[in-house]
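Below is one structure, written out as structure tokens, with a few remarks after it.
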Amino acid sequence: MVGSNSNIKLRLSIRYLIAIVLLVIMVFPYLYMVLNSLADWSQVDRKLIPTQFTLRSYQWLFTGGETGITRPWIHAFFNSVFVSLVSTALMMMFAIMVAYALAKLKFRGRDSINNFVLFHMFFPAIILIIPNFLIIQKVGLFDTYWALIIPKAMSLWGIFMYTNFFKAVPDAFIEAAKLDGASDFKILYKIMMPMSKSITTVVFLFLLMERWTELLWDMIVVRSDGMLTLNVLLSQMFGPYQSYPGPMYAGAVMLTLPIIILFIIFGKKFQEGMQFNLK
Amino acid sequence: MEKNNNRLGWLFASPYLIFSTVFFLGPLIWSLYLSFTNWDLISPTYDFVGFKNFTKALGTPGVRSAFWVTYKFMIVFVPIVTAMSLFVAVIVKGLPKLKTVFLIGFFLPYLSSGVVASLIVKGFLSHTSPVQTFLRDRLGLDIDWLGGSFSALFVVAMIMAWKFTGYYALILTSGLESIDQEVYEAAAIDGVKDSQRFWRITLPLLYPAIYTTLILSFGATFGIFTEVYQLTGGGPNYATNTWQMEIYSQAFKNLQAGYASAIAIMAAVATFISIFVIRKILEMWGKRNGWV
């Protein structure tokens, strides 16, 4: 009996060891990125773990170094923050509103809309990119914030997630609130929203992350330097600045770190929400 | 009461209805119309060319490769990501401590932008990189990763696998944890050997979760763009030319909006049919084994 007990302990420690090794391998590319952004330029992409460090890459990013061309990195960073936050806020707001109607309001045509949302969700979106670009151009929104925000203001996946969640909320809550004289807006705001905290965290993080790292759309609807999002700017610099890998890594850190920090802050809530969704 | 709800329902649903009319139904019809024209994205006039775009597309290496490259990606990416995420899930499942930390840690790659992932990989595989130096000096291997058709495809597939493993592991872990421990005990009494445990008990009970990750990973291959755009531009010799890459090049580089619309429609049809067939196959596979 004692033998099997220590056997279990041994097995468990082996599992922990494997898990740690796996985790290190999975996170290594990030570590490589951060270290290279701080590494002395003679060591960038030459050492697995650099030994000499400098802030030159970050400084270069903002001054343009010897090329003297200052690229709007900070501006692009704020563009990314602004566009992602506004877009995600709209996606959340609309998803909650629409989902409440689809899950809890009985109205004529609801089933048709529900089916249409599913059809829309599974429709290959690839077909829409050219005409959507043309719409933006035709109404004169090309190269504006609106071009980055409006077509990305609705998330079908968000609607789908919230509809499923709201459907699981018993009608009795709503009926009780109605008897107390609460309006539907109030029910949505005071009852449904507080109940959906964990799923809201999950949906918010997924949508924000997707918006933050969007490339194709952002790449085609804006052109001028002041309008670029950080992801697009980094992508543009990818080719021509290959001889300056250090600053590229610094830009990559700028693009990656905020979302990771946000994610780690919400980590626990996120896992709870995921577990709910997967059940 | 009933009438009131009707108005409120339509009011609440109206943002979606407006959005889908402007950015889905309208564009869909427009796209169909454009695919029969020779419009170049700039000039004010264009002609109606019938099915010429479609017949032309079928003969070009760009479109042919886009069609096949997706399935090549599937063959490499789906088994790797499924095996990796299953392995991670089995290791992490039921760890008494730090389980959340591990799962969140594995999930972090999913947050990376394709641009950043490509940048890191490009640096990692550059001529002077520690990996390449090691391979060259110690093993005598001088591999041009992004220059070879299979290795370029493999590199992109590995980036995708790195990105999605933690996400799918999260799904599989909660699938594993919903399996009652008593099932294993009962099976042990019935004489199921430890070596058969995974195949005879875990896999069947985990099938719904595996089905989900398989559908997600098959679906993900149809959306590959950023990594390919950054790393190979679809090359070498169309070896990584995905549908999105081909459409982007034709529409926004070669400025052939009409032709690109035709390709987009072909891509949508290929995607739709493929996903449908894959779903059916997976469902049949599950049913035949009595897992569903």
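Simple scheme: letters A, B, ... for chains in structure tokens order, numbers from 1 for residues in each chain, numbers from 1 for ligands in the order shown.
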
For this session: Using only C-alpha atoms, find the residues of chain A whose closest atom to chain B is at most 7 Å away, then write them as a PyMOL selection string.
Result: chain A and resi 15+19+23+26+29+33+45-48+94+97-98+101+105-108+124+126-128+131-132+209+213+215+231+235+252+256+267+275+278

For this session: Find the residues near Gly251 (chain A): any atom within 10 Å, counting only C-alpha atoms, skip ones fewer than 2 places away on the same chain, and give them as a PyMOL selection string.
Result: (chain A and resi 33+37+57-58+61+73-74+77+230-231+233-234+237+245-249+253-256) or (chain B and resi 116)

Taking N, CA and C atoms for each residue, export the selection above as a short mmCIF file (atom, residue, chain, number, x, y, z; two decimals), in the first residue's frame.
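Writing done, so here's result11.cif:
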```
data_model
loop_
_atom_site.label_atom_id
_atom_site.label_comp_id
_atom_site.auth_asym_id
_atom_site.auth_seq_id
_atom_site.Cartn_x
_atom_site.Cartn_y
_atom_site.Cartn_z
N MET A 33 11.04 36.63 -28.11
CA MET A 33 10.69 37.96 -28.61
C MET A 33 11.11 39.05 -27.62
N SER A 37 14.08 41.83 -28.10
CA SER A 37 13.78 43.26 -28.16
C SER A 37 14.70 44.04 -27.23
N SER A 57 16.75 49.25 -29.17
CA SER A 57 15.67 48.88 -30.09
C SER A 57 14.43 49.73 -29.85
N TYR A 58 14.11 49.94 -28.58
CA TYR A 58 12.92 50.74 -28.26
C TYR A 58 13.14 52.20 -28.64
N LEU A 61 12.83 52.71 -32.30
CA LEU A 61 11.44 52.68 -32.73
C LEU A 61 10.86 54.09 -32.78
N TRP A 73 4.83 54.96 -34.42
CA TRP A 73 4.58 53.78 -33.59
C TRP A 73 3.59 54.07 -32.46
N ILE A 74 3.84 55.19 -31.75
CA ILE A 74 2.97 55.51 -30.61
C ILE A 74 1.57 55.82 -31.12
N PHE A 77 -0.10 52.71 -31.98
CA PHE A 77 -0.50 52.01 -30.76
C PHE A 77 -1.83 52.55 -30.26
N LEU A 230 -1.42 49.29 -35.09
CA LEU A 230 -0.08 48.79 -34.79
C LEU A 230 0.24 47.51 -35.55
N ASN A 231 -0.75 46.64 -35.63
CA ASN A 231 -0.55 45.37 -36.33
C ASN A 231 -0.20 45.60 -37.80
N LEU A 233 1.02 48.43 -39.11
CA LEU A 233 2.33 49.10 -39.20
C LEU A 233 3.46 48.08 -39.09
N LEU A 234 3.33 47.18 -38.13
CA LEU A 234 4.36 46.16 -37.95
C LEU A 234 4.46 45.29 -39.21
N MET A 237 6.28 47.13 -41.89
CA MET A 237 7.71 47.26 -41.63
C MET A 237 8.43 45.92 -41.77
N PRO A 245 16.21 43.88 -37.09
CA PRO A 245 15.34 42.95 -36.36
C PRO A 245 15.04 43.42 -34.93
N GLY A 246 16.01 44.09 -34.30
CA GLY A 246 15.80 44.53 -32.91
C GLY A 246 14.54 45.37 -32.76
N PRO A 247 14.46 46.49 -33.50
CA PRO A 247 13.25 47.32 -33.41
C PRO A 247 11.97 46.58 -33.76
N MET A 248 12.07 45.64 -34.71
CA MET A 248 10.88 44.87 -35.06
C MET A 248 10.38 44.08 -33.85
N TYR A 249 11.34 43.49 -33.12
CA TYR A 249 10.95 42.76 -31.91
C TYR A 249 10.34 43.70 -30.88
N VAL A 253 6.69 43.40 -29.21
CA VAL A 253 6.40 43.42 -27.77
C VAL A 253 5.27 44.40 -27.48
N MET A 254 5.36 45.57 -28.11
CA MET A 254 4.33 46.59 -27.93
C MET A 254 2.96 46.07 -28.32
N LEU A 255 2.94 45.23 -29.34
CA LEU A 255 1.67 44.71 -29.85
C LEU A 255 1.14 43.56 -28.99
N THR A 256 2.05 42.81 -28.40
CA THR A 256 1.63 41.58 -27.72
C THR A 256 1.35 41.78 -26.23
N VAL B 116 3.15 38.97 -35.48
CA VAL B 116 4.20 38.76 -34.47
C VAL B 116 4.75 37.35 -34.55
#
```

For this session: Find the spatial neighbours of Tyr145 (chain A), counting only C-alpha atoms, within a cut-off of 9 Å - ignore same-chain residues fewer than 6 positions away - and output them as number ranges by chain.
Result: A: 79, 83, 222, 227

Residues from last step as file, C-alpha atoms, as a PDB file, in the first residue's frame:
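Okay, out.pdb is ready:
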```pdb
ATOM      1  CA  ASN A  79      -5.058  53.859 -32.992  1.00  0.00           C
ATOM      2  CA  VAL A  83     -10.262  51.208 -32.646  1.00  0.00           C
ATOM      3  CA  VAL A 222      -6.632  52.642 -44.424  1.00  0.00           C
ATOM      4  CA  MET A 227      -4.445  55.896 -39.573  1.00  0.00           C
TER       5      MET A 227
END
```

Exercise. What does the distance between CA of Thr163 (chain A) and CA of Ala99 (chain A) come to in Å, to one decimal place?
Worked result: 4.5 Å

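Between CA of Phe166 (chain A) and CA of Ile191 (chain A) lies a distance of 10.8 Å.
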
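Between CA of Glu182 (chain B) and CA of Asn5 (chain A) the separation is 20.0 Å.
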